[in-house]
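Comments concern the structure below.
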Amino acid sequence: MQDVKINTETIQLCQMLKIAGVIDSGGQARFLLEDGIVFLNGNQETAKRRQLRDGDVVEVKGKGVWRIVKQGA
């Protein structure tokens, strides 16, 4: 599991996927979501603009697992 560090209270799922290097643009997130391979805290996710918070765990099947970590938390 890798950490994605944020300086704000939340980050959108599509932004997190770009930071993690899973996608090159936010629009590509839609295809991953449609394929049903994105999970947030163990539940399949369908909203690319879902707000992620400190402690949330995102898994993209076949790509990896990331935990959201708020800087200074």
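Residues in the structure tokens are numbered from 1 in each chain, the chains being A, B, ... in the order shown, and ligands are numbered from 1 in the order shown.
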> DSSP on the backbone: what in chain A comes out strand (DSSP E), as JSON, numbers by chain?
Replying inline: {"A": [2, 3, 4, 5, 6, 10, 11, 12, 38, 39, 40, 43, 44, 51, 52, 53, 57, 58, 59, 60, 64, 65, 66, 67, 68, 69, 70]}
Residues of the last selection are to be written out with N, CA and C atoms, as a short mmCIF file (atom, residue, chain, number, x, y, z; two decimals), in the first residue's frame.
data_model
loop_
_atom_site.label_atom_id
_atom_site.label_comp_id
_atom_site.auth_asym_id
_atom_site.auth_seq_id
_atom_site.Cartn_x
_atom_site.Cartn_y
_atom_site.Cartn_z
N GLN A 2 0.56 2.16 -0.87
CA GLN A 2 1.30 3.42 -0.96
C GLN A 2 0.46 4.55 -0.39
N ASP A 3 1.12 5.55 0.17
CA ASP A 3 0.42 6.72 0.69
C ASP A 3 0.35 7.81 -0.37
N VAL A 4 -0.80 8.48 -0.44
CA VAL A 4 -0.97 9.69 -1.25
C VAL A 4 -1.18 10.82 -0.24
N LYS A 5 -0.22 11.73 -0.17
CA LYS A 5 -0.27 12.80 0.82
C LYS A 5 -1.01 14.01 0.25
N ILE A 6 -1.91 14.56 1.07
CA ILE A 6 -2.68 15.74 0.67
C ILE A 6 -2.50 16.82 1.71
N THR A 10 -9.88 17.34 1.62
CA THR A 10 -10.34 16.32 0.68
C THR A 10 -9.59 16.42 -0.64
N ILE A 11 -9.70 15.36 -1.43
CA ILE A 11 -9.19 15.34 -2.79
C ILE A 11 -10.16 14.49 -3.61
N GLN A 12 -10.39 14.89 -4.85
CA GLN A 12 -11.29 14.12 -5.70
C GLN A 12 -10.60 12.84 -6.15
N VAL A 38 -12.52 -0.05 -9.56
CA VAL A 38 -12.10 0.93 -8.55
C VAL A 38 -12.93 0.72 -7.28
N PHE A 39 -12.23 0.61 -6.17
CA PHE A 39 -12.88 0.38 -4.88
C PHE A 39 -12.41 1.41 -3.87
N LEU A 40 -13.35 1.94 -3.10
CA LEU A 40 -13.06 2.89 -2.03
C LEU A 40 -13.47 2.24 -0.72
N ASN A 43 -15.51 -0.91 -1.09
CA ASN A 43 -16.77 -0.86 -1.85
C ASN A 43 -16.51 -0.33 -3.26
N GLN A 44 -17.16 -0.95 -4.24
CA GLN A 44 -16.99 -0.49 -5.62
C GLN A 44 -17.42 0.97 -5.73
N GLN A 51 -15.22 12.64 -3.06
CA GLN A 51 -14.27 13.32 -2.19
C GLN A 51 -13.62 12.30 -1.25
N LEU A 52 -12.31 12.23 -1.30
CA LEU A 52 -11.54 11.32 -0.45
C LEU A 52 -10.97 12.10 0.72
N ARG A 53 -10.92 11.45 1.88
CA ARG A 53 -10.43 12.08 3.09
C ARG A 53 -9.31 11.25 3.72
N VAL A 57 -9.00 4.42 1.71
CA VAL A 57 -8.15 3.50 0.96
C VAL A 57 -8.79 3.25 -0.40
N VAL A 58 -8.01 3.47 -1.46
CA VAL A 58 -8.47 3.27 -2.83
C VAL A 58 -7.71 2.10 -3.43
N GLU A 59 -8.45 1.17 -4.02
CA GLU A 59 -7.83 0.05 -4.73
C GLU A 59 -8.29 0.07 -6.17
N VAL A 60 -7.35 -0.06 -7.08
CA VAL A 60 -7.66 -0.25 -8.49
C VAL A 60 -7.13 -1.64 -8.83
N GLY A 64 -2.99 -1.36 -8.02
CA GLY A 64 -2.42 -1.07 -6.71
C GLY A 64 -3.44 -0.59 -5.71
N VAL A 65 -2.91 -0.29 -4.51
CA VAL A 65 -3.72 0.18 -3.39
C VAL A 65 -3.04 1.40 -2.80
N TRP A 66 -3.86 2.44 -2.51
CA TRP A 66 -3.33 3.69 -1.97
C TRP A 66 -4.16 4.14 -0.78
N ARG A 67 -3.49 4.76 0.19
CA ARG A 67 -4.16 5.32 1.36
C ARG A 67 -3.98 6.84 1.34
N ILE A 68 -5.05 7.56 1.61
CA ILE A 68 -5.00 9.01 1.66
C ILE A 68 -4.46 9.42 3.04
N VAL A 69 -3.44 10.26 3.04
CA VAL A 69 -2.82 10.72 4.29
C VAL A 69 -2.76 12.24 4.25
N LYS A 70 -3.42 12.87 5.21
CA LYS A 70 -3.38 14.33 5.29
C LYS A 70 -2.09 14.76 5.97
#
>> I'd like the neighbourhood of segment 20-37 of chain A as a ChimeraX atom specification, where a residue qualifies if any of its atoms comes within 7 Å (using only C-alpha atoms), though same-chain residues fewer than 3 positions away should be ignored.
In response: /A:14-17,44-46,48,60-61
> Nearest to Leu13 of chain A among A:Asn41, A:Gly72, A:Ala47, A:Gly62, with distances taken over only C-alpha atoms: which residue is it?
Replying inline: A:Ala47
> Quick one: DSSP alpha helix (DSSP H) residues in chain A, as a VMD selection string?
Replying inline: chain A and resid 13 to 19 29 to 34
